[in-house]
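Below is the file upload_35.txt, which contains compact mmCIF, C-alpha atoms.
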```txt
# COMPACT_ATOMS: atom_id res chain seq x y z
CA MET A 538 7.53 18.55 -3.49
CA TYR A 539 4.30 20.13 -4.81
CA PRO A 540 4.98 23.89 -4.55
CA MET A 541 1.60 25.12 -5.85
CA ARG A 542 -0.58 22.72 -3.86
CA GLN A 543 -0.93 24.99 -0.82
CA LYS A 544 -1.88 28.00 -2.97
CA LEU A 545 -4.57 26.03 -4.74
CA ALA A 546 -5.91 24.55 -1.52
CA ALA A 547 -6.07 28.03 0.04
CA LEU A 548 -8.10 29.34 -2.92
CA ILE A 549 -10.63 26.54 -2.61
CA LYS A 550 -10.93 26.86 1.17
CA ALA A 551 -11.41 30.63 0.82
CA ASP A 552 -14.20 29.99 -1.72
CA LYS A 553 -12.34 31.99 -4.38
CA LEU A 554 -12.99 29.14 -6.82
CA PRO A 555 -16.74 28.43 -6.52
CA GLY A 556 -17.43 24.74 -7.00
CA GLY A 557 -13.78 23.82 -6.46
CA ARG A 558 -12.99 20.75 -4.35
CA ILE A 559 -9.87 19.05 -3.02
CA ASN A 560 -9.37 15.40 -3.97
CA GLN A 561 -6.83 13.07 -2.39
CA PRO A 562 -4.36 11.42 -4.81
CA PRO A 563 -4.15 7.63 -5.00
CA GLY A 564 -1.40 5.67 -3.25
CA TYR A 565 1.74 5.33 -5.33
CA SER A 566 3.31 2.32 -3.64
CA SER A 567 1.73 -0.98 -2.72
CA GLY A 568 4.90 -2.53 -1.33
CA ILE A 569 4.74 -5.44 -3.79
CA GLN A 570 6.71 -6.40 -6.87
CA ILE A 571 5.09 -5.11 -10.06
CA LYS A 572 4.83 -7.76 -12.73
CA GLU A 573 5.80 -6.93 -16.31
CA PRO A 574 6.63 -3.25 -15.64
CA LEU A 575 7.36 -2.52 -19.33
CA CYS A 576 4.76 -0.05 -20.64
CA GLY A 577 2.66 0.22 -17.49
CA TYR A 578 1.36 -2.42 -15.08
CA ASP A 579 -1.67 -4.61 -14.64
CA PRO A 580 -4.05 -2.74 -12.30
CA MET A 581 -5.85 -6.01 -11.57
CA GLN A 582 -2.69 -7.59 -10.13
CA GLN A 583 -3.21 -9.00 -6.64
CA GLY A 584 -2.08 -6.57 -3.95
CA PHE A 585 -3.19 -3.43 -5.78
CA GLU A 586 -6.76 -3.46 -4.46
CA GLN A 587 -6.50 -0.35 -2.28
CA SER A 588 -4.54 1.67 -4.84
CA ARG A 589 -6.97 0.57 -7.55
CA GLU A 590 -9.99 1.72 -5.54
CA THR A 591 -8.53 5.14 -4.73
CA GLU A 592 -7.31 5.60 -8.30
CA LEU A 593 -10.73 4.75 -9.74
CA GLU A 594 -12.36 7.12 -7.25
CA LEU A 595 -9.99 9.92 -8.31
CA LEU A 596 -10.64 9.25 -12.01
CA GLU A 597 -14.39 9.39 -11.41
CA LYS A 598 -14.08 12.75 -9.66
CA MET A 599 -11.80 14.11 -12.39
CA GLY A 600 -14.28 12.96 -15.03
CA SER A 601 -17.03 15.00 -13.40
CA ALA A 602 -14.94 18.20 -13.44
CA ARG A 603 -14.35 20.69 -16.23
CA ILE A 604 -10.83 21.69 -15.05
CA CYS A 605 -8.38 19.66 -12.94
CA VAL A 606 -5.82 21.75 -11.07
CA PHE A 607 -2.45 20.46 -9.83
CA ASP A 608 1.26 21.08 -10.36
CA SER A 609 4.23 19.28 -11.90
CA MET A 610 6.26 18.91 -8.68
CA THR A 611 9.52 20.72 -7.92
CA ARG A 612 11.17 18.91 -10.86
CA GLN A 613 8.51 20.11 -13.29
CA LYS A 614 7.91 16.63 -14.70
CA MET A 615 4.84 15.29 -16.40
CA VAL A 616 3.19 13.50 -13.49
CA ARG A 617 0.45 10.91 -14.09
CA LYS A 618 -2.29 13.41 -13.30
CA PHE A 619 -1.75 14.98 -16.73
CA HIS A 620 -2.58 11.64 -18.35
CA PHE A 621 -5.51 11.12 -15.98
CA SER A 622 -6.87 14.52 -17.00
CA PHE A 623 -6.58 13.81 -20.71
CA LEU A 624 -8.17 10.39 -20.21
CA THR A 625 -11.17 11.77 -18.33
CA ARG A 626 -11.59 14.84 -20.60
CA CYS A 627 -10.81 17.18 -17.73
CA VAL A 628 -8.54 20.03 -18.84
CA PRO A 629 -5.38 20.15 -16.70
CA ALA A 630 -4.43 23.51 -15.18
CA ALA A 631 -0.84 23.44 -14.00
CA ASP A 632 2.64 24.81 -14.48
CA LEU A 633 4.17 23.41 -17.67
CA PRO A 634 6.45 20.38 -17.19
CA HIS A 635 9.81 20.30 -18.96
CA ASP A 636 9.27 16.84 -20.44
CA MET A 637 5.97 17.68 -22.17
CA PRO A 638 6.47 18.02 -25.95
CA PRO A 639 5.85 21.69 -26.86
CA GLN A 640 3.08 20.96 -29.36
CA TYR A 641 0.93 19.40 -26.60
CA ARG A 642 1.19 22.31 -24.19
CA LYS A 643 -1.88 23.78 -25.86
CA ALA A 644 -3.87 21.11 -24.01
CA VAL A 645 -2.99 22.70 -20.66
CA ILE A 646 -4.14 25.86 -18.90
CA GLU A 647 -0.81 27.31 -17.82
CA LEU A 648 -0.46 28.47 -14.22
CA PRO A 649 2.82 30.41 -13.82
CA ARG A 650 4.77 29.26 -10.78
CA ASN A 651 5.29 32.80 -9.55
CA ALA A 652 1.61 33.76 -9.89
CA SER A 653 -0.19 35.02 -6.81
CA GLU A 654 -3.36 33.38 -5.48
CA ASP A 655 -5.50 36.13 -7.00
CA GLN A 656 -3.78 35.76 -10.40
CA ILE A 657 -4.34 32.01 -10.37
CA ALA A 658 -8.00 32.52 -9.46
CA ASP A 659 -8.43 34.97 -12.37
CA ILE A 660 -6.78 32.55 -14.84
CA LEU A 661 -9.03 29.68 -13.73
CA ARG A 662 -12.26 31.70 -13.71
CA THR A 663 -11.55 33.01 -17.21
CA ALA A 664 -10.69 29.54 -18.50
CA TYR A 665 -13.78 27.98 -16.89
CA ALA A 666 -16.07 30.42 -18.72
CA ASP A 667 -14.54 29.78 -22.17
CA THR A 668 -16.16 26.45 -23.04
CA ASP A 669 -15.01 26.52 -26.69
CA ALA A 670 -11.37 26.81 -25.65
CA LEU A 671 -11.85 24.01 -23.12
CA ARG A 672 -13.27 21.71 -25.81
CA SER A 673 -10.24 22.44 -27.98
CA LYS A 674 -7.89 21.57 -25.12
CA VAL A 675 -9.77 18.31 -24.47
CA ALA A 676 -9.27 17.34 -28.14
CA SER A 677 -5.55 18.13 -27.89
CA GLY A 678 -5.27 16.02 -24.74
CA LEU A 679 -6.91 13.03 -26.42
CA SER A 680 -4.48 13.46 -29.30
CA PHE A 681 -1.63 13.33 -26.79
CA LEU A 682 -2.93 10.06 -25.34
CA ARG A 683 -3.09 8.46 -28.76
CA ARG A 684 0.43 9.65 -29.59
CA TYR A 685 1.95 8.19 -26.42
CA SER A 686 0.03 4.94 -26.13
CA CYS A 687 1.90 1.65 -25.71
CA GLN A 688 1.31 0.87 -29.39
CA GLU A 689 2.77 4.20 -30.47
CA SER A 690 5.76 3.68 -28.15
CA VAL A 691 6.53 0.40 -29.93
CA GLN A 692 6.25 2.18 -33.27
CA ASP A 693 8.74 4.77 -32.02
CA VAL A 694 11.22 2.03 -31.13
CA LEU A 695 10.84 0.46 -34.57
CA GLY A 696 11.25 3.89 -36.12
CA ALA A 697 14.43 4.48 -34.12
CA VAL A 698 15.85 1.14 -35.32
CA GLU A 699 15.07 2.06 -38.91
CA GLN A 700 16.63 5.49 -38.44
CA ARG A 701 19.76 3.87 -37.01
CA ARG A 702 20.05 1.68 -40.11
CA LYS A 703 20.00 4.77 -42.33
CA ILE A 704 22.31 6.99 -40.27
CA SER A 705 25.46 5.66 -38.61
CA ARG A 706 25.66 8.14 -35.73
CA GLY A 707 23.96 11.07 -34.04
CA VAL A 708 21.02 11.62 -31.72
CA TRP A 709 17.44 11.35 -32.97
CA VAL A 710 14.95 13.31 -30.86
CA PRO A 711 11.63 13.40 -32.75
CA ASP A 712 9.68 15.38 -30.12
CA GLY A 713 12.45 17.54 -28.68
CA PHE A 714 13.39 17.82 -25.01
CA GLU A 715 14.46 20.20 -22.28
CA ILE A 716 16.87 19.75 -19.38
CA SER A 717 16.43 22.05 -16.42
CA CYS A 718 18.76 22.68 -13.49
CA GLY A 719 15.93 24.27 -11.50
CA SER A 720 15.67 23.23 -7.88
CA ARG A 721 17.28 20.19 -6.37
CA TYR A 722 15.63 16.83 -6.50
CA PRO A 723 12.85 16.78 -3.88
CA PHE A 724 14.13 13.70 -2.04
CA SER A 725 17.62 15.15 -1.51
CA SER A 726 18.40 18.32 0.39
CA ASP A 727 22.09 18.54 -0.44
CA LYS A 728 22.88 17.05 -3.86
CA PRO A 729 21.80 18.62 -7.18
CA LEU A 730 21.15 16.59 -10.31
CA SER A 731 24.38 15.31 -11.88
CA TRP A 732 24.22 17.47 -15.01
CA CYS A 733 23.65 20.60 -12.90
CA GLU A 734 26.83 20.34 -10.82
CA GLY A 735 28.94 23.44 -11.17
CA THR A 736 26.11 25.53 -12.64
CA ARG A 737 24.38 28.54 -11.13
```

Rewrite the structure of this file - the entire thing - as structure tokens.
Amino acid sequence: MYPMRQKLAALIKADKLPGGRINQPPGYSSGIQIKEPLCGYDPMQQGFEQSRETELELLEKMGSARICVFDSMTRQKMVRKFHFSFLTRCVPAADLPHDMPPQYRKAVIELPRNASEDQIADILRTAYADTDALRSKVASGLSFLRRYSCQESVQDVLGAVEQRRKISRGVWVPDGFEISCGSRYPFSSDKPLSWCEGTR
């Protein structure tokens, strides 16, 4: 499900990324019903204690790093670690997810999926040394967080309603989008995504 994880772990274990460390991700399921799931959840809800502790520990470690390295899964989606990186001012280094608006990709250090371990190490070492570029990416990441906050999401809904009043039909996509047929969904070994059936 995380195709680049083993490459990155191998680089760190081989000491090809001096100062690099491997951090465990937080738990993603607490086995309880999430209250008010619209626009996030309440991290202080009873039953989330263990997930909250591991998540806070991960955020603390990310906040002490200059670059946070991970990937966007086999589906190339914008996993929460991108938001965690922006929040903690740690520049994400990853392959580019399909659902990230193009104008915000400048906040990410791109790691091509087909890159070798040595190529990845070179990209990261070069990026680590360029502090001015890293500061610029941090600023772009913070801009992304402000754009996709809960408040901005509500404004988008209101904007869509207003747009619908002006135009009787059509599709309004203010940030653009991409649909990829890529690999099959990671939890299924035999069925591709519905819009990919019949494609090669």

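Put simply, atom CA of A:Pro540 is 26.2 Å away from atom CA of A:Leu682.
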
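Comparing the minimum interatomic distances between A:Asp636 and each of A:Ser673, A:Ser609, A:Ser690, A:Gln656, counting only C-alpha atoms, we find that A:Ser609 sits nearest.
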
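The gap separating atom CA of A:Ala644 from atom CA of A:Ser677 is 5.2 Å, in Å to one decimal.
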
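You will find atom CA of A:Leu545 at 15.5 Å from atom CA of A:Ala664.
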
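Within the 6 Å cut-off around stretch 648-654 of chain A, using only C-alpha atoms and omitting residues fewer than 2 positions from it on the same chain, the listed residues are Ala631, Asp632, Gln656 and Ile657 of chain A.
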
Exercise for review: Name the residues in contact with A:Phe607 at a cut-off of 12 Å, using all atoms listed in the file, excluding same-chain residues fewer than 4 positions from it; report them as a ChimeraX atom specification.
Suggested key: /A:538-546,558-562,599,613,615-619,621-622,627-634,645-650,657,661

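Minimum distance to A:Arg603 across A:Thr625, A:Ser680, A:Gln640, A:Ser686 (counting all atoms listed in the file) occurs at A:Thr625.
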
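Closest approach to A:Leu679 from the set A:Arg702, A:Arg589, A:His620, A:Arg662 is made by A:His620, with distances taken over only C-alpha atoms.
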